[in-house]
Structures are given as C-alpha cells and as structure tokens.
Amino acid sequence: MVSFRIITRILTFVMVMLPLWAYGGEEMCTAIFNERVRTLQVKNAGMPYAMPGAAMMVLGSDESITIDFDVLAEDRDYLRYEVIHCTAAWQPSQLAAIEYLDGFNEGVIDDFSYSEGTTVHYVHYRIVLPNHDVRLIASGNYIVRIYPEDNPEETWAQCRFVVSEQTAVVGGGVTSRTDVDVNKSHQQLELAVNVEHCGVDDIFNDVTVVIEQNGRSDNRVTLTKPLRVSGRTLVYEHLSPLVFNAGNEYRRFENVSVTYPGAGVSDVFWRGPYYHAVLDTDASRAAESYYYDQTLSGAYVVREYNSDRPDTQADYVVTHFSLDYPETPGLDFYIDGDMVQRGFSPEARMVYNRATNRYEHAMLLKQGAYSYQYLALAPGAAQGRTDVIEGDKYETRNRYRVYVYVKRMNERAHRLVAVRDINTF
C-alpha cells in the first residue's frame, strides 16, 4: 500500500494554490488548486455519465446536481463548500446569497467514503445540490467552491453548473456548407431563439447567447446581438462567430484493469509505488481521412472492470501519453479533456523528449474510460488549434451547447432561460 506521506513526496505536478477571488475580472472556471484533489466531476444526478460542458438542472424541478471528487489521503479532511451565483461571463454576480439561495450559503461535506483495496489511498467525497441545507431559487451560472474548514480562505477546488428556467425555445442546426468553405474544415451554426415567455423587455439588448463546442471554453462564442428579429424570435445566422473549426473525433482509452491493457493501452505494469499504464503512441491525424468513432467528446467515466463501486474501488494509475510529432518551436501541445479541467495548465502540457523524439506527459488518473484530444497553442494565444495534430474534418460529430441568458435593464444578474444541445448531422 502507498502511504500518503510517500504520495506527497512523489507527486510532481505543478498546482497553484489561489484563493477564489484571485481571478479578479477573469472568468471562474472548473479548476483544482490542491495537488491532493483528483477526479473532480459534476453532473446531473439523473444522468449516468458526466458529459462535457456545465452540468444543468431545471429550476423548480426535482433534479439535482452531484459533485464528486477524491482527496489523496489516509483519513478524511474536514471540508466545506459555498455556492456562488455568476454572470453569463462566469464572474460573481451582484446578487446577495439570500437572493439566489434558500438556506445557508455554506455547508459541511459530510458524505465521504474511504477507498477499498487500492494501492493509492484516497477519500471520496460527494456534494448533492439542492439538499436539506440549501435550495437554489434563481436561474443562472453557479460556482461551488470547496475549502478546508480550518482555513476558509484557501480554495482547494471549484466547479461549475447551471440552473435553467427552460422558458425560451431554441431551434437550430449545424451545417458543413459554411460561409468559409463547403465540406472541408468548418461547421456553422444557425439559431432561432424564441423568448416570448422569458420576460424580455428590449429584445435587441436583453438577450445573450453563449455557444460551446464539446464543452471547450477556449473557443466559446458569446453573441449579444442577433442578425435579425422576427416577432419575439431572435435569428442568428451567417455570423462569423458561428463558424467553428470542425476538429476531429476525440481519441479514447480504457484503463479499467491493472492486470491487462485495455483499449488504447499498450502496457500495464507495477513500478512501486504506482501502477503504470502506457498508452498507444499517438500521431498526427491532420493528413488522414475522416474516420468515425463514438467517444465521450472529452468527458470520462470512472470504471474498474471487477467492481460495482468504482468511486471507491478504482485505483489511481500513472498514465503515460506520447505523441509522435517533430519538435515544433513556437507551438505548445496540450491534452484537452475533462480530465485536466479543459485548461492550458502545466498538468496538461506535453513536453518534447529528444531521446525518444516524441512529446510526452504522464499524469495520475483514476481507472476509467477517457476521451481526449491534442490542442496546439501559440505563445500569447487563448484559443487552441485542432488543425495541427487532430485535423479539421467537416464530418466530425460535434455537440454544440447553447445557453440563452436574459438580463433586463433593471436586473442585477443574468437569468438562464434555456440550455439546448445541438448535434451535428
């Protein structure tokens, strides 16, 4: 068994511990700030899998949001959480807690369980919202901040979810016949949003539409003006922000056993104090023809092949990624997926190894089925490129999530009136 003392000496991932308000005017994203926190997932409790993008529940329904995460430790930590209402741009809104919560704006995380039969000791925690202490009474974007009871200013992790009124009607579609090219490298959205029952005063200025592709935040699009209005319907078409690089199907692997390699895994072995999984070496697919593969579009599922309680019985494995691609000055390559909270962090960055002539990276991951892709990032850029490694294939099955917000002149926060997923083809 691996003691927590050994784990803390061996872990070398760069994690920056910041208080929540260190973001200032920047958006608040799902993030981990303590190196012992792992496998942070947020999902609608009624859905078995956490799909990419902010988890959503309907205001006033019997739905709930579950937040699951592990802390690498031999014993429990005394943790608490608070719930923060945010604007459409994921900044703290001007609402007081009493305006968006019925109950207390902090709670003890007392739903926890210890790992069983694993080489790496951890404690699994769960938060369910709403609960007997708090009920959400306003729609919009929400952040849950997790912190230690003895140091409330220290943020260990934070995560997103949304509460929607579902009063707007969103129609639309995706086409590969775009304003940029036809059946080549792009996909384009067309949207029609009817806000007749949303309490909109100024239809030209009260509505904000946000679109995400497969849960990515780096290429998120925000629209504040429609192309035209027809009655109480806003029409968004032939707008350049609605043209997306098509990307490619996500890559995937299954690391569900420590005795045999699963799909996408070439070798599994023990080198104390960890199990290790070496993934098949990846290569650029930019010049290849499109090949369909059904994946989780960047999400992952915790799974252990011999267990019906993977939350506490799945082990942690050092997972080795490698990318056979020539060293490319002026570009950094990052793993993109929910496993790294969709950020360009040191934990997601590939490093070129001149001894093997490959980009390589290793991270400690819980056993499961994962999907991911590689994004290329130029210095100073905020948006990753899929064309370099993955290629942009117009046939790619992408999921576009549309969020519709309303904020009237006399209101101090955005209401979320609709969430709609639009899939290609």
# chains A, B, ... in the order shown; residues from 1 in each chain; ligands from 1

$ closest_atom_pairs --of "stretch 144-246 of chain A" --to "stretch 411-423 of chain A" --cutoff "12 Å" --atoms "only C-alpha atoms" --output "JSON lines"
{"residue": "A:Phe161", "atom": "CA", "partner": "A:Leu416", "partner_atom": "CA", "distance": 11.6}
{"residue": "A:Val162", "atom": "CA", "partner": "A:Leu416", "partner_atom": "CA", "distance": 7.9}
{"residue": "A:Val163", "atom": "CA", "partner": "A:Leu416", "partner_atom": "CA", "distance": 6.9}
{"residue": "A:Ser164", "atom": "CA", "partner": "A:Leu416", "partner_atom": "CA", "distance": 5.0}
{"residue": "A:Glu165", "atom": "CA", "partner": "A:Val417", "partner_atom": "CA", "distance": 4.7}
{"residue": "A:Gln166", "atom": "CA", "partner": "A:Ala418", "partner_atom": "CA", "distance": 4.4}
{"residue": "A:Thr167", "atom": "CA", "partner": "A:Val417", "partner_atom": "CA", "distance": 5.4}
{"residue": "A:Ala168", "atom": "CA", "partner": "A:Ala418", "partner_atom": "CA", "distance": 5.3}
{"residue": "A:Val169", "atom": "CA", "partner": "A:Ala418", "partner_atom": "CA", "distance": 7.1}
{"residue": "A:Val170", "atom": "CA", "partner": "A:Arg420", "partner_atom": "CA", "distance": 6.6}
{"residue": "A:Gly171", "atom": "CA", "partner": "A:Arg420", "partner_atom": "CA", "distance": 8.4}
{"residue": "A:Gly172", "atom": "CA", "partner": "A:Ile422", "partner_atom": "CA", "distance": 7.3}
{"residue": "A:Gly173", "atom": "CA", "partner": "A:Ile422", "partner_atom": "CA", "distance": 6.5}
{"residue": "A:Val174", "atom": "CA", "partner": "A:Asn423", "partner_atom": "CA", "distance": 7.3}
{"residue": "A:Thr175", "atom": "CA", "partner": "A:Asn423", "partner_atom": "CA", "distance": 10.3}
{"residue": "A:Gln187", "atom": "CA", "partner": "A:Asn423", "partner_atom": "CA", "distance": 11.2}
{"residue": "A:Gln188", "atom": "CA", "partner": "A:Ile422", "partner_atom": "CA", "distance": 11.5}
{"residue": "A:Leu189", "atom": "CA", "partner": "A:Ile422", "partner_atom": "CA", "distance": 9.0}
{"residue": "A:Glu190", "atom": "CA", "partner": "A:Ile422", "partner_atom": "CA", "distance": 10.2}
{"residue": "A:Leu191", "atom": "CA", "partner": "A:Ile422", "partner_atom": "CA", "distance": 9.8}
{"residue": "A:Ala192", "atom": "CA", "partner": "A:Arg420", "partner_atom": "CA", "distance": 11.5}
{"residue": "A:Val193", "atom": "CA", "partner": "A:Ala418", "partner_atom": "CA", "distance": 9.2}
{"residue": "A:Asn194", "atom": "CA", "partner": "A:Ala418", "partner_atom": "CA", "distance": 10.1}
{"residue": "A:Val195", "atom": "CA", "partner": "A:Val417", "partner_atom": "CA", "distance": 8.5}
{"residue": "A:Glu196", "atom": "CA", "partner": "A:Val417", "partner_atom": "CA", "distance": 11.1}
{"residue": "A:His197", "atom": "CA", "partner": "A:Val417", "partner_atom": "CA", "distance": 9.4}
{"residue": "A:Cys198", "atom": "CA", "partner": "A:Val417", "partner_atom": "CA", "distance": 6.7}
{"residue": "A:Gly199", "atom": "CA", "partner": "A:Val417", "partner_atom": "CA", "distance": 9.7}
{"residue": "A:Val200", "atom": "CA", "partner": "A:Val417", "partner_atom": "CA", "distance": 10.5}
{"residue": "A:Asp201", "atom": "CA", "partner": "A:Glu411", "partner_atom": "CA", "distance": 11.3}
{"residue": "A:Asp206", "atom": "CA", "partner": "A:His414", "partner_atom": "CA", "distance": 9.3}
{"residue": "A:Val207", "atom": "CA", "partner": "A:His414", "partner_atom": "CA", "distance": 9.2}
{"residue": "A:Thr208", "atom": "CA", "partner": "A:His414", "partner_atom": "CA", "distance": 8.9}
{"residue": "A:Val209", "atom": "CA", "partner": "A:Ala418", "partner_atom": "CA", "distance": 9.6}
{"residue": "A:Val210", "atom": "CA", "partner": "A:Val419", "partner_atom": "CA", "distance": 9.6}
{"residue": "A:Ile211", "atom": "CA", "partner": "A:Asp421", "partner_atom": "CA", "distance": 9.5}
{"residue": "A:Glu212", "atom": "CA", "partner": "A:Asp421", "partner_atom": "CA", "distance": 9.5}
{"residue": "A:Gln213", "atom": "CA", "partner": "A:Ile422", "partner_atom": "CA", "distance": 9.7}
{"residue": "A:Asn214", "atom": "CA", "partner": "A:Asn423", "partner_atom": "CA", "distance": 9.7}
{"residue": "A:Gly215", "atom": "CA", "partner": "A:Asp421", "partner_atom": "CA", "distance": 10.8}

$ write_last_selection --atoms "N, CA, C and O atoms" --output "compact mmCIF listing (two decimals), in the first residue's frame"
# COMPACT_ATOMS: atom_id res chain seq x y z
N PHE A 161 -21.80 24.65 -12.51
CA PHE A 161 -23.03 24.05 -13.00
C PHE A 161 -24.00 25.18 -13.31
O PHE A 161 -23.75 26.34 -12.97
N VAL A 162 -25.10 24.87 -13.99
CA VAL A 162 -26.06 25.90 -14.35
C VAL A 162 -27.47 25.45 -13.97
O VAL A 162 -27.76 24.25 -13.93
N VAL A 163 -28.32 26.43 -13.68
CA VAL A 163 -29.72 26.20 -13.38
C VAL A 163 -30.53 26.97 -14.41
O VAL A 163 -30.38 28.19 -14.55
N SER A 164 -31.36 26.29 -15.16
CA SER A 164 -32.08 26.91 -16.27
C SER A 164 -33.58 26.93 -16.02
O SER A 164 -34.15 25.99 -15.45
N GLU A 165 -34.22 28.00 -16.48
CA GLU A 165 -35.68 28.09 -16.40
C GLU A 165 -36.34 27.30 -17.53
O GLU A 165 -37.51 26.90 -17.42
N GLN A 166 -35.65 27.11 -18.62
CA GLN A 166 -36.16 26.41 -19.81
C GLN A 166 -37.48 27.03 -20.30
O GLN A 166 -38.43 26.32 -20.65
N THR A 167 -37.51 28.34 -20.35
CA THR A 167 -38.70 29.05 -20.84
C THR A 167 -38.52 29.55 -22.27
O THR A 167 -39.52 29.89 -22.93
N ALA A 168 -37.30 29.64 -22.76
CA ALA A 168 -37.06 30.01 -24.15
C ALA A 168 -37.06 28.75 -25.01
O ALA A 168 -36.75 27.65 -24.54
N VAL A 169 -37.41 28.93 -26.29
CA VAL A 169 -37.41 27.82 -27.23
C VAL A 169 -36.27 28.05 -28.22
O VAL A 169 -36.24 29.07 -28.91
N VAL A 170 -35.34 27.11 -28.27
CA VAL A 170 -34.17 27.24 -29.13
C VAL A 170 -34.25 26.22 -30.25
O VAL A 170 -34.35 25.02 -30.03
N GLY A 171 -34.21 26.72 -31.48
CA GLY A 171 -34.14 25.85 -32.64
C GLY A 171 -32.86 26.14 -33.40
O GLY A 171 -32.24 27.19 -33.22
N GLY A 172 -32.46 25.22 -34.23
CA GLY A 172 -31.24 25.47 -34.99
C GLY A 172 -30.66 24.21 -35.56
O GLY A 172 -31.20 23.12 -35.41
N GLY A 173 -29.53 24.37 -36.20
CA GLY A 173 -28.86 23.24 -36.80
C GLY A 173 -27.42 23.58 -37.12
O GLY A 173 -26.95 24.71 -36.94
N VAL A 174 -26.70 22.57 -37.58
CA VAL A 174 -25.29 22.69 -37.93
C VAL A 174 -25.11 22.23 -39.37
O VAL A 174 -25.68 21.21 -39.77
N THR A 175 -24.32 22.96 -40.12
CA THR A 175 -24.07 22.58 -41.50
C THR A 175 -22.58 22.67 -41.80
O THR A 175 -21.85 23.46 -41.18
N GLN A 187 -17.61 23.95 -39.53
CA GLN A 187 -19.04 23.75 -39.32
C GLN A 187 -19.65 25.07 -38.88
O GLN A 187 -19.00 25.86 -38.20
N GLN A 188 -20.88 25.32 -39.27
CA GLN A 188 -21.52 26.60 -38.97
C GLN A 188 -22.91 26.36 -38.37
O GLN A 188 -23.67 25.51 -38.82
N LEU A 189 -23.22 27.16 -37.34
CA LEU A 189 -24.50 27.06 -36.66
C LEU A 189 -25.46 28.12 -37.18
O LEU A 189 -25.05 29.22 -37.55
N GLU A 190 -26.73 27.78 -37.15
CA GLU A 190 -27.82 28.73 -37.33
C GLU A 190 -28.79 28.52 -36.17
O GLU A 190 -29.15 27.38 -35.87
N LEU A 191 -29.19 29.61 -35.51
CA LEU A 191 -30.03 29.53 -34.34
C LEU A 191 -31.25 30.43 -34.46
O LEU A 191 -31.16 31.51 -35.05
N ALA A 192 -32.35 29.99 -33.88
CA ALA A 192 -33.55 30.81 -33.73
C ALA A 192 -34.01 30.66 -32.28
O ALA A 192 -34.26 29.53 -31.82
N VAL A 193 -34.09 31.76 -31.56
CA VAL A 193 -34.41 31.74 -30.13
C VAL A 193 -35.69 32.52 -29.89
O VAL A 193 -35.72 33.75 -30.08
N ASN A 194 -36.72 31.83 -29.47
CA ASN A 194 -37.99 32.49 -29.16
C ASN A 194 -38.06 32.78 -27.66
O ASN A 194 -37.95 31.87 -26.84
N VAL A 195 -38.24 34.06 -27.31
CA VAL A 195 -38.21 34.49 -25.91
C VAL A 195 -39.55 35.05 -25.47
O VAL A 195 -39.62 35.86 -24.55
N GLU A 196 -40.62 34.60 -26.10
CA GLU A 196 -41.95 35.15 -25.81
C GLU A 196 -42.32 35.01 -24.34
O GLU A 196 -43.00 35.87 -23.77
N HIS A 197 -41.88 33.93 -23.69
CA HIS A 197 -42.28 33.66 -22.30
C HIS A 197 -41.13 33.86 -21.32
O HIS A 197 -41.12 33.25 -20.24
N CYS A 198 -40.19 34.73 -21.66
CA CYS A 198 -38.99 34.89 -20.83
C CYS A 198 -38.91 36.25 -20.12
O CYS A 198 -37.89 36.55 -19.50
N GLY A 199 -39.91 37.06 -20.22
CA GLY A 199 -39.87 38.35 -19.56
C GLY A 199 -38.85 39.30 -20.15
O GLY A 199 -38.19 40.03 -19.42
N VAL A 200 -38.73 39.31 -21.47
CA VAL A 200 -37.77 40.19 -22.15
C VAL A 200 -38.44 41.52 -22.46
O VAL A 200 -39.55 41.56 -23.04
N ASP A 201 -37.81 42.62 -22.08
CA ASP A 201 -38.33 43.96 -22.39
C ASP A 201 -37.78 44.45 -23.72
O ASP A 201 -38.54 44.79 -24.63
N ASP A 206 -31.53 42.69 -24.30
CA ASP A 206 -31.67 41.93 -23.06
C ASP A 206 -31.12 40.51 -23.15
O ASP A 206 -30.94 39.85 -22.12
N VAL A 207 -30.88 40.01 -24.36
CA VAL A 207 -30.58 38.58 -24.56
C VAL A 207 -29.11 38.38 -24.92
O VAL A 207 -28.58 39.06 -25.80
N THR A 208 -28.48 37.43 -24.25
CA THR A 208 -27.12 37.00 -24.56
C THR A 208 -27.13 35.50 -24.84
O THR A 208 -27.72 34.72 -24.08
N VAL A 209 -26.49 35.11 -25.93
CA VAL A 209 -26.41 33.69 -26.30
C VAL A 209 -24.95 33.25 -26.26
O VAL A 209 -24.08 33.92 -26.82
N VAL A 210 -24.70 32.14 -25.60
CA VAL A 210 -23.34 31.58 -25.49
C VAL A 210 -23.35 30.18 -26.09
O VAL A 210 -24.27 29.39 -25.81
N ILE A 211 -22.33 29.87 -26.89
CA ILE A 211 -22.23 28.55 -27.52
C ILE A 211 -20.89 27.92 -27.19
O ILE A 211 -19.84 28.56 -27.31
N GLU A 212 -20.92 26.66 -26.78
CA GLU A 212 -19.71 25.88 -26.52
C GLU A 212 -19.69 24.66 -27.43
O GLU A 212 -20.73 24.04 -27.68
N GLN A 213 -18.52 24.32 -27.89
CA GLN A 213 -18.31 23.14 -28.72
C GLN A 213 -17.68 22.05 -27.87
O GLN A 213 -16.54 22.19 -27.40
N ASN A 214 -18.43 20.98 -27.60
CA ASN A 214 -17.92 19.84 -26.82
C ASN A 214 -17.41 20.24 -25.44
O ASN A 214 -16.50 19.60 -24.90
N GLY A 215 -17.96 21.29 -24.86
CA GLY A 215 -17.56 21.69 -23.52
C GLY A 215 -16.28 22.48 -23.44
O GLY A 215 -15.85 22.84 -22.34

$ select_by_dssp --residues "stretch 243-374 of chain A" --states "strand (DSSP E)" --output "short mmCIF file (atom, residue, chain, number, x, y, z; two decimals) with N, CA and C atoms, in the first residue's frame"
data_model
loop_
_atom_site.label_atom_id
_atom_site.label_comp_id
_atom_site.auth_asym_id
_atom_site.auth_seq_id
_atom_site.Cartn_x
_atom_site.Cartn_y
_atom_site.Cartn_z
N VAL A 243 -19.04 30.19 -37.04
CA VAL A 243 -18.26 29.26 -37.84
C VAL A 243 -17.16 28.68 -36.95
N PHE A 244 -17.20 27.38 -36.73
CA PHE A 244 -16.24 26.70 -35.86
C PHE A 244 -15.33 25.79 -36.68
N ASN A 245 -14.07 25.69 -36.27
CA ASN A 245 -13.22 24.64 -36.81
C ASN A 245 -13.84 23.30 -36.44
N ARG A 251 -9.92 11.15 -29.29
CA ARG A 251 -9.23 9.89 -29.04
C ARG A 251 -9.76 9.30 -27.73
N ARG A 252 -9.49 8.02 -27.51
CA ARG A 252 -10.00 7.42 -26.28
C ARG A 252 -9.12 6.26 -25.83
N PHE A 253 -9.21 5.97 -24.55
CA PHE A 253 -8.56 4.79 -24.00
C PHE A 253 -9.35 4.31 -22.79
N GLU A 254 -9.17 3.05 -22.46
CA GLU A 254 -9.82 2.45 -21.29
C GLU A 254 -8.77 1.82 -20.40
N ASN A 255 -8.63 2.38 -19.23
CA ASN A 255 -7.65 1.90 -18.26
C ASN A 255 -8.42 1.32 -17.08
N VAL A 265 -4.41 1.12 -24.76
CA VAL A 265 -3.31 0.97 -23.79
C VAL A 265 -2.38 -0.14 -24.30
N SER A 266 -1.09 0.17 -24.36
CA SER A 266 -0.15 -0.82 -24.87
C SER A 266 0.48 -1.67 -23.78
N ASP A 267 0.55 -1.14 -22.55
CA ASP A 267 1.21 -1.90 -21.48
C ASP A 267 0.73 -1.40 -20.13
N VAL A 268 0.61 -2.32 -19.20
CA VAL A 268 0.29 -2.02 -17.81
C VAL A 268 1.29 -2.75 -16.93
N PHE A 269 1.88 -2.04 -15.97
CA PHE A 269 2.87 -2.69 -15.12
C PHE A 269 2.93 -1.98 -13.77
N TRP A 270 3.57 -2.67 -12.82
CA TRP A 270 3.75 -2.12 -11.47
C TRP A 270 5.19 -1.67 -11.32
N ARG A 271 5.38 -0.43 -10.97
CA ARG A 271 6.68 0.09 -10.58
C ARG A 271 6.44 0.94 -9.35
N TYR A 274 3.43 2.88 -7.68
CA TYR A 274 2.24 3.03 -8.51
C TYR A 274 2.14 1.92 -9.56
N TYR A 275 0.91 1.67 -10.01
CA TYR A 275 0.69 1.02 -11.29
C TYR A 275 0.90 2.07 -12.38
N HIS A 276 1.37 1.61 -13.54
CA HIS A 276 1.59 2.49 -14.67
C HIS A 276 0.85 1.93 -15.88
N ALA A 277 0.30 2.82 -16.69
CA ALA A 277 -0.34 2.45 -17.95
C ALA A 277 0.29 3.27 -19.06
N VAL A 278 0.83 2.59 -20.05
CA VAL A 278 1.44 3.25 -21.20
C VAL A 278 0.43 3.23 -22.34
N LEU A 279 0.00 4.39 -22.77
CA LEU A 279 -0.98 4.46 -23.85
C LEU A 279 -0.29 4.23 -25.19
N ASP A 282 0.43 8.20 -29.94
CA ASP A 282 -0.44 8.94 -30.86
C ASP A 282 0.38 9.59 -31.97
N ALA A 283 -0.28 9.91 -33.05
CA ALA A 283 0.35 10.60 -34.17
C ALA A 283 -0.63 11.61 -34.73
N TYR A 300 -15.17 11.70 -19.31
CA TYR A 300 -14.64 10.40 -18.90
C TYR A 300 -15.59 9.77 -17.89
N VAL A 301 -15.45 8.47 -17.72
CA VAL A 301 -16.26 7.70 -16.78
C VAL A 301 -15.33 6.89 -15.90
N VAL A 302 -15.46 7.00 -14.59
CA VAL A 302 -14.67 6.20 -13.66
C VAL A 302 -15.19 4.76 -13.71
N TYR A 316 -5.67 4.45 -8.62
CA TYR A 316 -5.01 5.52 -9.36
C TYR A 316 -3.78 4.97 -10.06
N VAL A 317 -3.62 5.33 -11.32
CA VAL A 317 -2.58 4.78 -12.18
C VAL A 317 -1.83 5.92 -12.86
N VAL A 318 -0.51 5.87 -12.87
CA VAL A 318 0.27 6.84 -13.62
C VAL A 318 0.09 6.52 -15.10
N THR A 319 -0.51 7.43 -15.83
CA THR A 319 -0.88 7.21 -17.22
C THR A 319 0.06 7.99 -18.13
N HIS A 320 0.72 7.30 -19.05
CA HIS A 320 1.76 7.89 -19.89
C HIS A 320 1.22 8.16 -21.30
N PHE A 321 1.22 9.43 -21.69
CA PHE A 321 0.82 9.85 -23.03
C PHE A 321 2.09 10.09 -23.86
N SER A 322 2.02 9.78 -25.15
CA SER A 322 3.13 10.10 -26.05
C SER A 322 2.57 10.47 -27.41
N LEU A 323 3.21 11.45 -28.04
CA LEU A 323 2.76 11.96 -29.33
C LEU A 323 3.95 11.99 -30.27
N ASP A 324 3.89 11.19 -31.31
CA ASP A 324 4.98 11.11 -32.29
C ASP A 324 4.83 12.27 -33.27
N ASP A 332 3.04 25.01 -28.39
CA ASP A 332 2.95 24.06 -27.29
C ASP A 332 1.77 23.15 -27.56
N PHE A 333 1.88 21.91 -27.09
CA PHE A 333 0.81 20.96 -27.29
C PHE A 333 0.23 20.54 -25.94
N TYR A 334 -1.10 20.56 -25.87
CA TYR A 334 -1.80 20.28 -24.62
C TYR A 334 -2.82 19.16 -24.82
N ILE A 335 -2.98 18.36 -23.79
CA ILE A 335 -4.07 17.40 -23.74
C ILE A 335 -5.33 18.17 -23.37
N ASP A 336 -6.40 17.96 -24.12
CA ASP A 336 -7.67 18.62 -23.84
C ASP A 336 -8.71 17.59 -23.47
N VAL A 351 5.58 17.59 -23.17
CA VAL A 351 6.97 18.06 -23.18
C VAL A 351 7.76 17.21 -24.17
N TYR A 352 8.56 17.85 -25.02
CA TYR A 352 9.30 17.11 -26.04
C TYR A 352 10.50 16.42 -25.42
N ASN A 353 10.66 15.13 -25.73
CA ASN A 353 11.76 14.31 -25.25
C ASN A 353 12.68 14.01 -26.43
N ARG A 358 9.75 12.39 -29.27
CA ARG A 358 8.30 12.45 -29.08
C ARG A 358 7.95 13.47 -28.01
N TYR A 359 6.73 13.96 -28.09
CA TYR A 359 6.16 14.72 -26.98
C TYR A 359 5.58 13.73 -25.98
N GLU A 360 5.83 13.96 -24.71
CA GLU A 360 5.42 13.00 -23.68
C GLU A 360 4.84 13.73 -22.47
N HIS A 361 4.00 13.02 -21.74
CA HIS A 361 3.47 13.55 -20.49
C HIS A 361 2.88 12.39 -19.70
N ALA A 362 2.97 12.47 -18.38
CA ALA A 362 2.38 11.46 -17.51
C ALA A 362 1.57 12.15 -16.42
N MET A 363 0.43 11.56 -16.10
CA MET A 363 -0.39 12.12 -15.03
C MET A 363 -1.06 10.98 -14.28
N LEU A 364 -1.39 11.27 -13.03
CA LEU A 364 -2.04 10.29 -12.17
C LEU A 364 -3.54 10.35 -12.41
N LEU A 365 -4.12 9.28 -12.97
CA LEU A 365 -5.54 9.24 -13.30
C LEU A 365 -6.21 8.05 -12.64
N LYS A 366 -7.45 8.24 -12.24
CA LYS A 366 -8.25 7.15 -11.70
C LYS A 366 -8.66 6.22 -12.83
N GLY A 368 -10.58 4.22 -15.53
CA GLY A 368 -11.83 4.53 -16.19
C GLY A 368 -11.69 4.56 -17.69
N ALA A 369 -12.72 5.06 -18.35
CA ALA A 369 -12.75 5.25 -19.79
C ALA A 369 -12.66 6.74 -20.08
N TYR A 370 -11.65 7.15 -20.84
CA TYR A 370 -11.35 8.56 -21.05
C TYR A 370 -11.38 8.91 -22.53
N SER A 371 -11.72 10.16 -22.82
CA SER A 371 -11.61 10.69 -24.18
C SER A 371 -10.83 12.00 -24.11
N TYR A 372 -10.09 12.28 -25.16
CA TYR A 372 -9.20 13.44 -25.15
C TYR A 372 -8.80 13.80 -26.58
N GLN A 373 -8.22 14.97 -26.73
CA GLN A 373 -7.63 15.39 -27.99
C GLN A 373 -6.41 16.24 -27.68
N TYR A 374 -5.65 16.57 -28.73
CA TYR A 374 -4.48 17.43 -28.58
C TYR A 374 -4.77 18.79 -29.22
#

$ select_by_dssp --residues "stretch 136-337 of chain A" --states "helix (DSSP H, G or I)" --output "list in words"
Ser240, Pro241, Leu242, Pro310, Asp311, Thr312 and Gln313 of chain A

$ residues_around --residues "A:Asp392" --least-positions-apart "3" --cutoff "10 Å" --atoms "only C-alpha atoms" --output "ChimeraX atom specification"
/A:184-187,244-249,285-287,290,385-389,395-396

$ write_last_selection --atoms "N, CA and C atoms" --output "compact mmCIF listing (two decimals), in the first residue's frame"
# COMPACT_ATOMS: atom_id res chain seq x y z
N LYS A 184 -15.36 21.05 -45.98
CA LYS A 184 -13.90 21.00 -45.83
C LYS A 184 -13.49 20.96 -44.36
N SER A 185 -13.32 22.12 -43.73
CA SER A 185 -12.70 22.16 -42.40
C SER A 185 -13.55 22.81 -41.33
N HIS A 186 -14.76 23.25 -41.67
CA HIS A 186 -15.54 24.03 -40.72
C HIS A 186 -16.98 23.52 -40.61
N GLN A 187 -17.61 23.95 -39.53
CA GLN A 187 -19.04 23.75 -39.32
C GLN A 187 -19.65 25.07 -38.88
N PHE A 244 -17.20 27.38 -36.73
CA PHE A 244 -16.24 26.70 -35.86
C PHE A 244 -15.33 25.79 -36.68
N ASN A 245 -14.07 25.69 -36.27
CA ASN A 245 -13.22 24.64 -36.81
C ASN A 245 -13.84 23.30 -36.44
N ALA A 246 -13.91 22.40 -37.42
CA ALA A 246 -14.66 21.17 -37.22
C ALA A 246 -13.97 20.21 -36.26
N GLY A 247 -12.63 20.26 -36.18
CA GLY A 247 -11.93 19.32 -35.32
C GLY A 247 -12.05 17.90 -35.84
N ASN A 248 -11.87 16.95 -34.94
CA ASN A 248 -11.91 15.53 -35.29
C ASN A 248 -12.53 14.77 -34.13
N GLU A 249 -12.88 13.52 -34.36
CA GLU A 249 -13.39 12.71 -33.27
C GLU A 249 -12.31 12.60 -32.18
N ARG A 285 -3.24 13.30 -37.08
CA ARG A 285 -4.27 12.79 -37.99
C ARG A 285 -4.68 13.86 -39.01
N ALA A 286 -3.90 14.94 -39.06
CA ALA A 286 -4.30 16.07 -39.90
C ALA A 286 -4.39 15.69 -41.37
N ALA A 287 -3.50 14.81 -41.83
CA ALA A 287 -3.48 14.45 -43.25
C ALA A 287 -4.30 13.20 -43.55
N TYR A 290 -11.17 11.25 -42.70
CA TYR A 290 -12.03 11.17 -41.53
C TYR A 290 -12.41 9.73 -41.24
N ARG A 385 -5.62 25.18 -31.24
CA ARG A 385 -5.84 24.79 -32.63
C ARG A 385 -5.96 23.28 -32.74
N THR A 386 -6.99 22.83 -33.45
CA THR A 386 -7.15 21.40 -33.71
C THR A 386 -6.48 20.97 -35.00
N ASP A 387 -6.20 21.91 -35.90
CA ASP A 387 -5.74 21.55 -37.25
C ASP A 387 -4.37 20.91 -37.26
N VAL A 388 -3.52 21.22 -36.29
CA VAL A 388 -2.12 20.77 -36.34
C VAL A 388 -2.02 19.26 -36.09
N ILE A 389 -2.61 18.77 -35.04
CA ILE A 389 -2.49 17.36 -34.67
C ILE A 389 -3.73 16.56 -35.06
N GLU A 395 -16.88 16.23 -41.34
CA GLU A 395 -17.82 15.17 -40.96
C GLU A 395 -17.89 14.94 -39.44
N THR A 396 -17.00 15.56 -38.68
CA THR A 396 -16.88 15.27 -37.25
C THR A 396 -18.20 15.47 -36.52

$ closest_residue --among "A:Cys29, A:Gln41, A:Cys86, A:Ser115" --to "A:Ala73" --atoms "only C-alpha atoms"
A:Ser115
